[in-house]
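With compact mmCIF, C-alpha atoms inside, this is work-v2.txt:
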# COMPACT_ATOMS: atom_id res chain seq x y z
CA MET A 1076 -27.20 -33.86 38.20
CA PRO A 1077 -23.71 -33.64 36.64
CA ALA A 1078 -25.08 -35.14 33.45
CA ASP A 1079 -27.66 -32.38 33.43
CA THR A 1080 -25.10 -29.59 33.85
CA ILE A 1081 -22.92 -31.09 31.11
CA ALA A 1082 -25.90 -31.28 28.80
CA SER A 1083 -26.90 -27.68 29.46
CA GLY A 1084 -23.30 -26.54 29.02
CA LEU A 1085 -23.09 -28.32 25.66
CA ARG A 1086 -26.41 -26.83 24.68
CA ARG A 1087 -25.14 -23.35 25.48
CA ILE A 1088 -21.98 -23.83 23.39
CA GLY A 1089 -24.06 -25.14 20.52
CA ALA A 1090 -26.51 -22.25 20.76
CA GLY A 1091 -23.63 -19.77 20.78
CA ALA A 1092 -22.05 -21.36 17.70
CA ILE A 1093 -25.35 -21.41 15.82
CA LYS A 1094 -25.93 -17.76 16.74
CA ALA A 1095 -22.45 -16.76 15.54
CA VAL A 1096 -22.84 -18.56 12.21
CA THR A 1097 -26.31 -17.06 11.76
CA ARG A 1098 -24.87 -13.60 12.34
CA VAL A 1099 -22.17 -14.20 9.73
CA GLY A 1100 -24.83 -15.29 7.26
CA PHE A 1101 -27.02 -12.31 8.11
CA SER A 1102 -24.13 -9.87 7.71
CA ALA A 1103 -23.24 -11.37 4.30
CA ARG A 1104 -26.87 -11.04 3.17
CA PHE A 1105 -26.93 -7.51 4.59
CA PHE A 1106 -23.77 -6.64 2.59
CA MET A 1107 -25.41 -7.88 -0.62
CA VAL A 1108 -28.56 -5.85 0.06
CA VAL A 1109 -26.54 -2.71 0.82
CA LEU A 1110 -24.61 -3.20 -2.43
CA SER A 1111 -27.88 -3.58 -4.32
CA ARG A 1112 -28.97 -0.18 -2.91
CA THR A 1113 -25.82 1.50 -4.32
CA PRO A 1114 -27.72 3.26 -7.16
CA ASP A 1115 -29.99 4.90 -4.55
CA ALA A 1116 -27.00 6.22 -2.61
CA PHE A 1117 -25.63 7.92 -5.73
CA ARG A 1118 -28.97 9.03 -7.17
CA ARG A 1119 -29.47 11.01 -3.99
CA GLY A 1120 -25.91 12.33 -4.09
CA ARG A 1121 -26.57 14.84 -1.35
CA LEU A 1122 -27.13 12.11 1.24
CA THR A 1123 -23.78 10.50 0.44
CA MET A 1124 -22.14 13.93 0.36
CA ARG A 1125 -23.41 14.56 3.89
CA GLU A 1126 -21.90 11.27 5.05
CA ILE A 1127 -18.54 12.07 3.41
CA TYR A 1128 -18.67 15.29 5.41
CA PHE A 1129 -19.32 13.50 8.70
CA ALA A 1130 -17.00 10.54 8.13
CA GLY A 1131 -14.25 12.24 6.13
CA VAL A 1132 -14.06 15.98 6.67
CA LEU A 1133 -14.57 15.78 10.42
CA SER A 1134 -11.85 13.09 10.68
CA LEU A 1135 -9.32 15.32 8.92
CA VAL A 1136 -7.85 16.90 12.04
CA ILE A 1137 -7.23 13.67 13.95
CA ILE A 1138 -5.83 11.92 10.84
CA MET A 1139 -3.47 14.75 9.87
CA VAL A 1140 -2.20 15.44 13.39
CA SER A 1141 -1.67 11.71 14.07
CA GLY A 1142 0.11 11.32 10.72
CA LEU A 1143 2.44 14.20 11.51
CA PHE A 1144 3.36 12.78 14.92
CA VAL A 1145 3.76 9.21 13.66
CA GLY A 1146 6.07 10.52 10.93
CA MET A 1147 8.14 12.56 13.37
CA VAL A 1148 8.54 9.59 15.73
CA LEU A 1149 9.48 7.34 12.78
CA GLY A 1150 12.03 9.96 11.76
CA LEU A 1151 13.69 10.02 15.18
CA GLN A 1152 13.58 6.27 15.81
CA GLY A 1153 14.53 5.37 12.25
CA TYR A 1154 17.48 7.76 12.19
CA ASP A 1155 18.73 6.43 15.52
CA SER A 1156 18.71 2.83 14.27
CA LEU A 1157 19.87 3.48 10.71
CA ASN A 1158 22.72 5.72 11.78
CA LYS A 1159 24.28 2.83 13.73
CA TYR A 1160 24.90 1.18 10.35
CA GLY A 1161 25.93 4.43 8.69
CA ALA A 1162 22.75 4.43 6.63
CA GLY A 1163 21.17 7.61 8.01
CA ASP A 1164 20.67 8.85 4.45
CA SER A 1165 18.19 6.02 3.86
CA LEU A 1166 15.78 7.55 6.38
CA GLY A 1167 13.48 8.70 3.55
CA VAL A 1168 13.25 5.15 2.18
CA PHE A 1169 12.52 3.68 5.60
CA VAL A 1170 9.85 6.22 6.50
CA GLY A 1171 8.27 6.34 3.04
CA LEU A 1172 8.02 2.56 2.62
CA SER A 1173 6.65 1.91 6.11
CA LEU A 1174 4.05 4.67 5.78
CA VAL A 1175 2.90 3.96 2.24
CA ARG A 1176 2.80 0.19 2.58
CA GLU A 1177 1.63 -0.35 6.15
CA LEU A 1178 1.22 2.46 8.64
CA GLY A 1179 -0.76 4.83 6.42
CA PRO A 1180 -3.65 2.46 5.62
CA VAL A 1181 -3.59 0.57 8.96
CA VAL A 1182 -3.32 3.46 11.44
CA ALA A 1183 -5.65 5.67 9.40
CA GLY A 1184 -8.09 2.71 9.32
CA LEU A 1185 -7.91 2.20 13.09
CA LEU A 1186 -8.46 5.93 13.72
CA PHE A 1187 -11.28 5.96 11.16
CA ALA A 1188 -12.96 3.00 12.88
CA SER A 1189 -12.91 4.70 16.27
CA ARG A 1190 -13.69 8.22 15.04
CA ALA A 1191 -16.26 7.63 12.27
CA GLY A 1192 -17.26 3.95 12.58
CA SER A 1193 -18.46 4.30 16.16
CA ALA A 1194 -20.46 7.44 15.25
CA ILE A 1195 -22.19 5.63 12.35
CA THR A 1196 -23.12 2.68 14.58
CA ALA A 1197 -24.42 4.91 17.37
CA GLU A 1198 -26.47 6.99 14.94
CA ILE A 1199 -28.13 4.04 13.18
CA GLY A 1200 -28.57 2.20 16.49
CA LEU A 1201 -30.30 5.18 18.05
CA MET A 1202 -32.54 5.57 14.99
CA LYS A 1203 -33.55 1.96 15.46
CA THR A 1204 -34.13 2.45 19.21
CA THR A 1205 -36.34 5.48 18.66
CA GLU A 1206 -38.19 3.52 15.94
CA GLN A 1207 -37.27 5.98 13.19
CA LEU A 1208 -36.29 3.08 10.93
CA SER A 1209 -39.68 1.39 11.45
CA ALA A 1210 -41.41 4.72 10.85
CA MET A 1211 -39.60 5.04 7.54
CA GLU A 1212 -40.68 1.56 6.52
CA MET A 1213 -44.26 2.51 7.40
CA MET A 1214 -43.98 5.46 5.01
CA ALA A 1215 -42.68 3.09 2.30
CA VAL A 1216 -39.20 4.65 2.51
CA ASP A 1217 -36.48 1.99 2.39
CA PRO A 1218 -34.12 2.71 5.35
CA LEU A 1219 -31.41 0.61 3.69
CA ALA A 1220 -31.40 2.91 0.66
CA ARG A 1221 -31.97 6.12 2.58
CA ILE A 1222 -29.86 5.62 5.74
CA VAL A 1223 -27.50 2.66 5.40
CA ALA A 1224 -26.21 2.82 1.80
CA PRO A 1225 -25.14 6.52 1.91
CA ARG A 1226 -23.25 5.93 5.18
CA PHE A 1227 -21.56 2.84 3.75
CA TRP A 1228 -20.44 4.62 0.58
CA GLY A 1229 -19.46 7.79 2.47
CA GLY A 1230 -17.04 5.69 4.51
CA VAL A 1231 -15.72 3.74 1.51
CA ILE A 1232 -14.98 6.98 -0.39
CA SER A 1233 -13.42 8.80 2.60
CA MET A 1234 -11.07 6.04 3.75
CA PRO A 1235 -8.50 5.96 0.87
CA LEU A 1236 -8.29 9.76 0.85
CA LEU A 1237 -7.68 9.84 4.61
CA ALA A 1238 -5.02 7.12 4.34
CA ALA A 1239 -3.20 9.02 1.59
CA LEU A 1240 -3.31 12.21 3.68
CA PHE A 1241 -1.97 10.30 6.67
CA SER A 1242 1.00 9.05 4.62
CA VAL A 1243 1.75 12.50 3.22
CA MET A 1244 1.64 14.10 6.66
CA GLY A 1245 3.88 11.31 7.98
CA VAL A 1246 6.47 11.87 5.25
CA PHE A 1247 6.30 15.59 5.97
CA GLY A 1248 6.81 14.94 9.70
CA ALA A 1249 9.83 12.74 8.98
CA TYR A 1250 11.16 15.48 6.68
CA LEU A 1251 10.83 18.02 9.49
CA VAL A 1252 12.71 15.81 11.94
CA GLY A 1253 15.25 14.32 9.53
CA VAL A 1254 16.16 17.33 7.42
CA ARG A 1255 15.29 20.34 9.55
CA LEU A 1256 16.12 19.01 13.02
CA ILE A 1257 18.85 16.38 12.53
CA GLY A 1258 20.29 18.02 9.43
CA LEU A 1259 20.23 15.25 6.84
CA ASP A 1260 20.72 16.35 3.25
CA SER A 1261 17.34 17.13 1.76
CA GLY A 1262 18.41 15.85 -1.69
CA ALA A 1263 19.43 12.47 -0.23
CA PHE A 1264 16.17 12.25 1.75
CA TRP A 1265 13.88 12.77 -1.26
CA GLY A 1266 16.20 11.21 -3.85
CA ASN A 1267 16.68 7.90 -2.02
CA MET A 1268 12.97 7.78 -1.26
CA ARG A 1269 12.00 8.27 -4.90
CA ALA A 1270 14.59 5.77 -6.09
CA ALA A 1271 13.31 3.03 -3.77
CA ILE A 1272 9.54 3.51 -3.80
CA GLU A 1273 7.69 2.47 -6.93
CA PHE A 1274 4.22 3.69 -7.80
CA TRP A 1275 3.50 0.12 -8.81
CA PRO A 1276 3.43 -1.94 -6.61
CA ASP A 1277 4.20 0.03 -3.39
CA ILE A 1278 1.76 2.94 -3.58
CA THR A 1279 -1.00 1.10 -5.45
CA ASN A 1280 -0.85 -1.70 -2.85
CA GLY A 1281 -1.30 0.89 -0.12
CA ILE A 1282 -4.32 2.33 -1.92
CA ILE A 1283 -5.83 -1.15 -2.43
CA LYS A 1284 -5.37 -1.82 1.30
CA SER A 1285 -7.08 1.43 2.30
CA VAL A 1286 -10.05 0.72 0.00
CA VAL A 1287 -10.44 -2.78 1.48
CA PHE A 1288 -10.24 -1.37 5.04
CA GLY A 1289 -12.79 1.28 4.10
CA VAL A 1290 -15.25 -1.38 2.92
CA ALA A 1291 -14.62 -3.52 6.04
CA VAL A 1292 -14.97 -0.70 8.59
CA SER A 1293 -18.03 0.86 6.93
CA LEU A 1294 -19.77 -2.50 6.58
CA ILE A 1295 -19.12 -3.45 10.21
CA ALA A 1296 -20.28 -0.01 11.40
CA VAL A 1297 -23.58 0.02 9.50
CA PHE A 1298 -24.24 -3.65 10.24
CA GLU A 1299 -23.69 -3.33 14.00
CA GLY A 1300 -25.92 -0.25 14.06
CA TYR A 1301 -28.67 -1.96 12.08
CA ASP A 1302 -28.38 -5.14 14.16
CA ALA A 1303 -28.20 -3.36 17.56
CA LYS A 1304 -30.63 -4.28 20.33
CA PRO A 1305 -33.09 -1.37 20.48
CA THR A 1306 -32.12 -0.35 24.01
CA ALA A 1307 -29.64 2.16 25.41
CA GLU A 1308 -27.45 -0.74 26.52
CA GLY A 1309 -27.78 -2.42 23.12
CA VAL A 1310 -26.58 0.70 21.28
CA SER A 1311 -23.59 1.11 23.59
CA SER A 1312 -22.52 -2.53 23.21
CA ALA A 1313 -23.01 -2.30 19.42
CA THR A 1314 -20.70 0.74 19.32
CA THR A 1315 -18.07 -1.16 21.31
CA ARG A 1316 -18.42 -4.16 18.98
CA THR A 1317 -17.87 -1.88 15.97
CA VAL A 1318 -14.59 -0.49 17.28
CA VAL A 1319 -13.26 -3.86 18.46
CA GLY A 1320 -14.49 -5.81 15.43
CA ALA A 1321 -13.34 -3.22 12.89
CA SER A 1322 -9.88 -2.93 14.47
CA LEU A 1323 -9.41 -6.70 14.50
CA ALA A 1324 -10.73 -6.94 10.93
CA ILE A 1325 -8.23 -4.30 9.76
CA LEU A 1326 -5.26 -6.07 11.35
CA ALA A 1327 -6.31 -9.52 10.10
CA LEU A 1328 -7.06 -8.25 6.57
CA ASP A 1329 -3.75 -6.39 6.56
CA PHE A 1330 -1.88 -9.63 7.21
CA ILE A 1331 -3.78 -11.50 4.49
CA LEU A 1332 -3.36 -8.71 1.93
CA THR A 1333 0.35 -8.33 2.73
CA VAL A 1334 0.93 -12.06 2.22
CA PHE A 1335 -0.64 -11.83 -1.23
CA MET A 1336 1.08 -8.57 -2.18
CA PHE A 1337 4.59 -9.59 -1.19
CA ARG A 1338 4.42 -12.49 -3.60
CA GLY A 1339 4.38 -9.95 -6.38
CA ILE A 1340 7.33 -7.94 -5.10
CA GLY A 1341 10.85 -8.89 -6.10
CA GLY A 1342 9.73 -11.94 -8.12
CA MET B 707 -24.56 23.38 8.67
CA ASN B 708 -26.08 24.75 5.47
CA ARG B 709 -25.80 22.94 2.20
CA THR B 710 -23.32 25.12 0.31
CA ALA B 711 -20.86 25.21 3.22
CA MET B 712 -21.03 21.43 3.48
CA ASP B 713 -20.50 21.03 -0.26
CA LEU B 714 -17.52 23.34 -0.03
CA TRP B 715 -15.95 21.31 2.79
CA VAL B 716 -16.54 18.00 1.01
CA GLY B 717 -15.03 19.53 -2.12
CA ILE B 718 -11.96 20.71 -0.21
CA PHE B 719 -11.62 17.29 1.45
CA VAL B 720 -11.79 15.36 -1.83
CA ALA B 721 -9.39 17.83 -3.49
CA ILE B 722 -6.69 17.57 -0.82
CA GLY B 723 -7.20 13.81 -0.63
CA LEU B 724 -6.58 13.45 -4.37
CA ALA B 725 -3.68 15.93 -4.10
CA ALA B 726 -2.18 13.65 -1.42
CA ILE B 727 -2.38 10.64 -3.77
CA VAL B 728 -0.74 12.66 -6.57
CA PHE B 729 1.96 13.80 -4.13
CA LEU B 730 2.63 10.19 -3.13
CA ALA B 731 2.82 9.18 -6.78
CA LEU B 732 5.13 11.96 -7.95
CA LYS B 733 7.22 12.99 -4.94
CA VAL B 734 7.39 9.88 -2.77
CA GLY B 735 7.21 7.32 -5.58
CA ASN B 736 8.79 7.63 -8.98
CA LEU B 737 5.83 7.51 -11.30
CA THR B 738 7.42 10.04 -13.65
CA SER B 739 10.18 7.65 -14.67
CA LEU B 740 7.84 4.75 -15.27
CA ASN B 741 6.04 3.66 -18.41
CA THR B 742 5.61 7.23 -19.56
CA VAL B 743 8.52 6.96 -22.00
CA PRO B 744 8.05 4.69 -25.03
CA SER B 745 10.62 1.94 -25.00
CA TYR B 746 12.00 -1.01 -26.95
CA ARG B 747 13.28 -4.43 -25.87
CA LEU B 748 16.72 -5.92 -26.03
CA GLU B 749 17.90 -9.31 -24.81
CA ALA B 750 21.19 -10.28 -23.27
CA ARG B 751 22.51 -13.72 -22.32
CA PHE B 752 24.68 -14.18 -19.27
CA ASP B 753 26.43 -17.22 -17.76
CA ASN B 754 25.56 -15.91 -14.30
CA ILE B 755 23.42 -12.97 -13.30
CA GLY B 756 24.36 -12.95 -9.60
CA GLY B 757 21.83 -10.97 -7.58
CA LEU B 758 20.13 -9.20 -10.51
CA LYS B 759 16.43 -8.51 -9.83
CA MET B 760 13.42 -7.57 -11.90
CA ARG B 761 13.13 -3.80 -12.51
CA ALA B 762 16.83 -3.27 -11.76
CA PRO B 763 18.19 -0.23 -13.61
CA VAL B 764 20.09 -0.42 -16.90
CA LYS B 765 22.78 2.25 -17.00
CA ALA B 766 25.07 3.63 -19.68
CA ALA B 767 27.92 5.80 -18.33
CA GLY B 768 26.04 5.89 -15.01
CA VAL B 769 22.83 7.29 -16.53
CA VAL B 770 19.66 5.19 -16.17
CA VAL B 771 18.47 4.37 -19.71
CA GLY B 772 16.05 1.51 -18.96
CA ARG B 773 15.01 -1.30 -16.66
CA VAL B 774 15.26 -5.09 -16.47
CA ASP B 775 11.95 -6.38 -17.75
CA GLY B 776 12.28 -10.16 -17.49
CA ILE B 777 14.67 -12.87 -16.33
CA ARG B 778 14.48 -16.51 -17.41
CA LEU B 779 16.74 -19.52 -17.86
CA ASP B 780 17.34 -20.93 -21.32
CA ALA B 781 16.69 -24.63 -20.72
CA LYS B 782 19.01 -25.74 -23.58
CA THR B 783 22.13 -23.67 -23.00
CA TYR B 784 21.68 -23.07 -19.26
CA GLU B 785 22.23 -19.37 -19.79
CA ALA B 786 20.22 -16.63 -18.10
CA VAL B 787 18.25 -14.60 -20.64
CA VAL B 788 17.61 -11.05 -19.41
CA ALA B 789 15.11 -8.82 -21.22
CA LEU B 790 15.92 -5.11 -21.09
CA LYS B 791 13.46 -2.28 -21.65
CA ILE B 792 15.37 0.68 -23.07
CA ASP B 793 13.90 4.16 -23.55
CA ASN B 794 13.33 4.98 -27.20
CA GLY B 795 15.55 8.05 -26.95
CA TYR B 796 18.69 5.92 -26.56
CA GLN B 797 20.16 3.78 -29.34
CA PHE B 798 23.08 1.41 -28.84
CA THR B 799 25.63 0.09 -31.33
CA LYS B 800 25.70 -3.54 -32.33
CA ASP B 801 28.98 -4.21 -30.51
CA THR B 802 27.68 -2.90 -27.17
CA ILE B 803 28.92 -4.85 -24.15
CA ALA B 804 26.40 -5.57 -21.37
CA SER B 805 27.89 -6.31 -17.96
CA ILE B 806 26.35 -6.99 -14.56
CA LEU B 807 27.77 -4.59 -12.01
CA THR B 808 27.24 -3.67 -8.38
CA SER B 809 27.21 -0.12 -7.11
CA GLY B 810 29.50 -0.17 -4.10
CA LEU B 811 30.23 -3.29 -2.08
CA LEU B 812 26.67 -3.80 -0.83
CA GLY B 813 24.72 -1.63 -3.27
CA GLU B 814 22.12 -2.54 -5.85
CA VAL B 815 22.94 -4.77 -8.80
CA TYR B 816 22.47 -3.17 -12.23
CA ILE B 817 23.33 -3.74 -15.87
CA GLY B 818 25.91 -1.48 -17.42
CA LEU B 819 25.99 -0.91 -21.19
CA ASP B 820 29.23 0.14 -22.88
CA ALA B 821 28.65 1.26 -26.45
CA GLY B 822 31.27 0.38 -29.07
CA GLY B 823 32.19 1.98 -32.37
CA ASP B 824 29.94 0.06 -34.78
CA THR B 825 27.71 2.10 -37.09
CA VAL B 826 24.82 -0.39 -37.04
CA MET B 827 22.38 0.10 -34.12
CA LEU B 828 20.58 -2.62 -32.15
CA ALA B 829 16.94 -2.89 -33.25
CA ASP B 830 13.90 -3.80 -31.14
CA GLY B 831 14.12 -7.43 -30.00
CA ALA B 832 17.81 -7.82 -30.84
CA THR B 833 20.23 -9.75 -28.64
CA ILE B 834 23.35 -8.13 -27.25
CA GLY B 835 26.25 -10.32 -28.38
CA LYS B 836 28.94 -9.45 -25.89
CA THR B 837 28.18 -9.82 -22.23
CA GLN B 838 30.12 -10.00 -19.01
CA SER B 839 28.63 -12.01 -16.17
CA ALA B 840 28.27 -11.02 -12.58
CA VAL B 841 31.35 -11.31 -10.41
CA VAL B 842 30.58 -13.83 -7.71
CA LEU B 843 32.66 -12.83 -4.74
CA GLU B 844 32.97 -16.37 -3.34
CA LYS B 845 34.36 -17.70 -6.64
CA LEU B 846 36.79 -14.79 -6.85
CA ILE B 847 38.11 -15.45 -3.35
CA GLY B 848 38.35 -19.17 -4.09
CA GLN B 849 40.31 -18.47 -7.27
CA PHE B 850 42.60 -16.05 -5.46
CA LEU B 851 43.40 -18.63 -2.76
CA PHE B 852 43.96 -21.32 -5.42
CA ASP B 853 46.36 -19.07 -7.35
CA LYS B 854 48.17 -18.13 -4.18
CA ALA B 855 48.64 -21.79 -3.28
CA GLY B 856 49.80 -22.57 -6.85
CA SER B 857 52.41 -19.81 -6.87
CA GLY B 858 53.58 -20.82 -3.40
CA ALA B 859 54.20 -24.40 -4.57
CA ALA B 860 56.12 -23.26 -7.66
CA LYS B 861 58.69 -21.35 -5.64
For this file, write the structure as structure tokens.
Amino acid sequence: MPADTIASGLRRIGAGAIKAVTRVGFSARFFMVVLSRTPDAFRRGRLTMREIYFAGVLSLVIIMVSGLFVGMVLGLQGYDSLNKYGAGDSLGVFVGLSLVRELGPVVAGLLFASRAGSAITAEIGLMKTTEQLSAMEMMAVDPLARIVAPRFWGGVISMPLLAALFSVMGVFGAYLVGVRLIGLDSGAFWGNMRAAIEFWPDITNGIIKSVVFGVAVSLIAVFEGYDAKPTAEGVSSATTRTVVGASLAILALDFILTVFMFRGIGG
Amino acid sequence: MNRTAMDLWVGIFVAIGLAAIVFLALKVGNLTSLNTVPSYRLEARFDNIGGLKMRAPVKAAGVVVGRVDGIRLDAKTYEAVVALKIDNGYQFTKDTIASILTSGLLGEVYIGLDAGGDTVMLADGATIGKTQSAVVLEKLIGQFLFDKAGSGAAK
């Protein structure tokens, strides 16, 4: 008996591992196919436009309000810490660098994954459940070109713009707190910030990060939707997997990208 | 949502997104002072560059006139060779002195240029002849203590 339970346990672990590796392979193949449908997404520009509207325009409010509040909190906390060392005037540098390099792309990416990524997964998953995708295939319409590719590219285009807006709103929030509320000199705030932050590499690295996060979140969202079990339960668990997987992917990718980028700084 | 309204919103979104990137580049970063001005290269040799970093400013009379473009060690003479990128608008005389300075006690390290009275100007790729190395605080303190001990013994 115990030998039997051990064997079945081992078998289950093995089956799980094989399933996980198969999924990785399937998602890589899926990514390639979506990329190959890129011309279709841009030939029918209106479809992609619609997705930019749903993923980007409708995320504007949450991104801008969050950016403003994150910036204001950074302003208060940063001033409190910096002022202990008599460096309150460096608040602009502190806020600007942390937003442009890290918080802008990462927090905007996390919000984007939960606001737009989950919606994309639920939409595609529901289309699959109600057999709309199969119906399209029956009519010789490629759902990958018509449904998946526009959503993927809509997300990839929206993400860097949202991240930049997040950073700008954050800097503005820190300006409100630092200059208007605490009474720092506005010249020192902007001047120190401009002296310390370089377009290359600081801002370009932030943009590169947001593009990479956009690709990762959009790919995970469309893949989970396309791969969802065609049941109500399957769609709901696929949506959860999108938010969890995309958030973890953003944080892990951020670490990897930062390791590579900081090699280039100060060398 | 009809088509024109959606197009309008997407247009507004893309426009303010791009405006945000431009704002980051010009207001938050300092793109304006970078690469837009044509420049020429000078070299300077120092015994010790202290904490000088790449892209540190080069100042004349406190005004930024260029940036440090490269730092390497001459394997034969064991001197640090620093490449300077100077804006084309500024010319320096041949007897210019380059010194490594620090703004304040803990501030950034930069290169200061003091122009002399020569009539010949430094051309692109020329080497600045007179340099003054970085002041290493530990050496200075060591020297001070040594001198103090020496003068104490003489008395």
| Looking at all atoms listed in the file, which of A:Ile1232, A:Ile1325, A:Ile1331, A:Met1213 is the one that sits closest to Phe1129 (chain A)? |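 Once distances to Phe1129 (chain A) are computed over all atoms listed in the file, the minimum belongs to A:Ile1232.
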| request: List every protein, DNA or RNA residue that has an atom no more than 12 Å from (-27.2, 7.9, 4.2) in the file's coordinate frame, counting all atoms listed in the file, and report them as JSON, numbers by chain. | output: {"A": [1109, 1112, 1113, 1115, 1116, 1117, 1118, 1119, 1120, 1121, 1122, 1123, 1124, 1125, 1126, 1127, 1128, 1129, 1130, 1195, 1198, 1199, 1217, 1218, 1219, 1220, 1221, 1222, 1223, 1224, 1225, 1226, 1227, 1228, 1229, 1230, 1293, 1297]}
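The space separating CA of Val787 (chain B) from CA of Thr799 (chain B) comes to 19.6 Å.
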| remark: The distance between CA of Phe1144 (chain A) and CA of Ala726 (chain B) is 17.3 Å
Taking a cut-off of 10 Å and counting only C-alpha atoms, can you build a table that, for each residue of chain B near chain A, reports the nearest atom pair and how far apart they are in Å (one decimal), sorted by chain then residue number, as JSON lines?
{"residue": "B:Arg709", "atom": "CA", "partner": "A:Arg1125", "partner_atom": "CA", "distance": 8.9}
{"residue": "B:Met712", "atom": "CA", "partner": "A:Tyr1128", "partner_atom": "CA", "distance": 6.9}
{"residue": "B:Asp713", "atom": "CA", "partner": "A:Met1124", "partner_atom": "CA", "distance": 7.3}
{"residue": "B:Leu714", "atom": "CA", "partner": "A:Tyr1128", "partner_atom": "CA", "distance": 9.8}
{"residue": "B:Trp715", "atom": "CA", "partner": "A:Val1132", "partner_atom": "CA", "distance": 6.9}
{"residue": "B:Val716", "atom": "CA", "partner": "A:Tyr1128", "partner_atom": "CA", "distance": 5.6}
{"residue": "B:Gly717", "atom": "CA", "partner": "A:Tyr1128", "partner_atom": "CA", "distance": 9.4}
{"residue": "B:Ile718", "atom": "CA", "partner": "A:Val1132", "partner_atom": "CA", "distance": 8.6}
{"residue": "B:Phe719", "atom": "CA", "partner": "A:Val1132", "partner_atom": "CA", "distance": 5.9}
{"residue": "B:Val720", "atom": "CA", "partner": "A:Leu1236", "partner_atom": "CA", "distance": 7.1}
{"residue": "B:Ala721", "atom": "CA", "partner": "A:Leu1236", "partner_atom": "CA", "distance": 9.2}
{"residue": "B:Ile722", "atom": "CA", "partner": "A:Leu1240", "partner_atom": "CA", "distance": 7.8}
{"residue": "B:Gly723", "atom": "CA", "partner": "A:Leu1236", "partner_atom": "CA", "distance": 4.4}
{"residue": "B:Leu724", "atom": "CA", "partner": "A:Leu1236", "partner_atom": "CA", "distance": 6.6}
{"residue": "B:Ala725", "atom": "CA", "partner": "A:Leu1240", "partner_atom": "CA", "distance": 8.6}
{"residue": "B:Ala726", "atom": "CA", "partner": "A:Leu1240", "partner_atom": "CA", "distance": 5.4}
{"residue": "B:Ile727", "atom": "CA", "partner": "A:Ala1239", "partner_atom": "CA", "distance": 5.7}
{"residue": "B:Val728", "atom": "CA", "partner": "A:Ala1239", "partner_atom": "CA", "distance": 9.3}
{"residue": "B:Phe729", "atom": "CA", "partner": "A:Val1243", "partner_atom": "CA", "distance": 7.5}
{"residue": "B:Leu730", "atom": "CA", "partner": "A:Val1243", "partner_atom": "CA", "distance": 6.8}
{"residue": "B:Ala731", "atom": "CA", "partner": "A:Phe1274", "partner_atom": "CA", "distance": 5.8}
{"residue": "B:Leu732", "atom": "CA", "partner": "A:Phe1274", "partner_atom": "CA", "distance": 8.3}
{"residue": "B:Lys733", "atom": "CA", "partner": "A:Arg1269", "partner_atom": "CA", "distance": 6.7}
{"residue": "B:Val734", "atom": "CA", "partner": "A:Arg1269", "partner_atom": "CA", "distance": 5.3}
{"residue": "B:Gly735", "atom": "CA", "partner": "A:Ile1272", "partner_atom": "CA", "distance": 4.8}
{"residue": "B:Asn736", "atom": "CA", "partner": "A:Arg1269", "partner_atom": "CA", "distance": 5.2}
{"residue": "B:Leu737", "atom": "CA", "partner": "A:Phe1274", "partner_atom": "CA", "distance": 5.4}
{"residue": "B:Thr738", "atom": "CA", "partner": "A:Phe1274", "partner_atom": "CA", "distance": 9.2}
{"residue": "B:Ser739", "atom": "CA", "partner": "A:Glu1273", "partner_atom": "CA", "distance": 9.6}
{"residue": "B:Leu740", "atom": "CA", "partner": "A:Phe1274", "partner_atom": "CA", "distance": 8.4}
{"residue": "B:Lys759", "atom": "CA", "partner": "A:Gly1341", "partner_atom": "CA", "distance": 6.7}
{"residue": "B:Met760", "atom": "CA", "partner": "A:Gly1341", "partner_atom": "CA", "distance": 6.5}
{"residue": "B:Arg761", "atom": "CA", "partner": "A:Gly1341", "partner_atom": "CA", "distance": 8.5}
{"residue": "B:Ala762", "atom": "CA", "partner": "A:Gly1341", "partner_atom": "CA", "distance": 10.0}
{"residue": "B:Gly776", "atom": "CA", "partner": "A:Gly1342", "partner_atom": "CA", "distance": 9.9}
{"residue": "B:Ile777", "atom": "CA", "partner": "A:Gly1342", "partner_atom": "CA", "distance": 9.6}
| Skipping near chain neighbours, those fewer than 2 positions away, what residues fall within 9 Å of Gln797 (chain B) using all atoms listed in the file, listed as a list of chain:residue names? | B:Ile792, B:Asp793, B:Asn794, B:Gly795, B:Thr799, B:Met827, B:Leu828, B:Ala829
Could you save the residues just selected, with C-alpha atoms, as a PDB file, keeping the file's coordinate frame?
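Written output follows (selection39.pdb):
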ATOM      1  CA  ILE B 792      15.370   0.680 -23.070  1.00  0.00           C
ATOM      2  CA  ASP B 793      13.900   4.160 -23.550  1.00  0.00           C
ATOM      3  CA  ASN B 794      13.330   4.980 -27.200  1.00  0.00           C
ATOM      4  CA  GLY B 795      15.550   8.050 -26.950  1.00  0.00           C
ATOM      5  CA  THR B 799      25.630   0.090 -31.330  1.00  0.00           C
ATOM      6  CA  MET B 827      22.380   0.100 -34.120  1.00  0.00           C
ATOM      7  CA  LEU B 828      20.580  -2.620 -32.150  1.00  0.00           C
ATOM      8  CA  ALA B 829      16.940  -2.890 -33.250  1.00  0.00           C
TER       9      ALA B 829
END
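Relative to CA of Glu785 (chain B), CA of Asn754 (chain B) is found at 7.3 Å.
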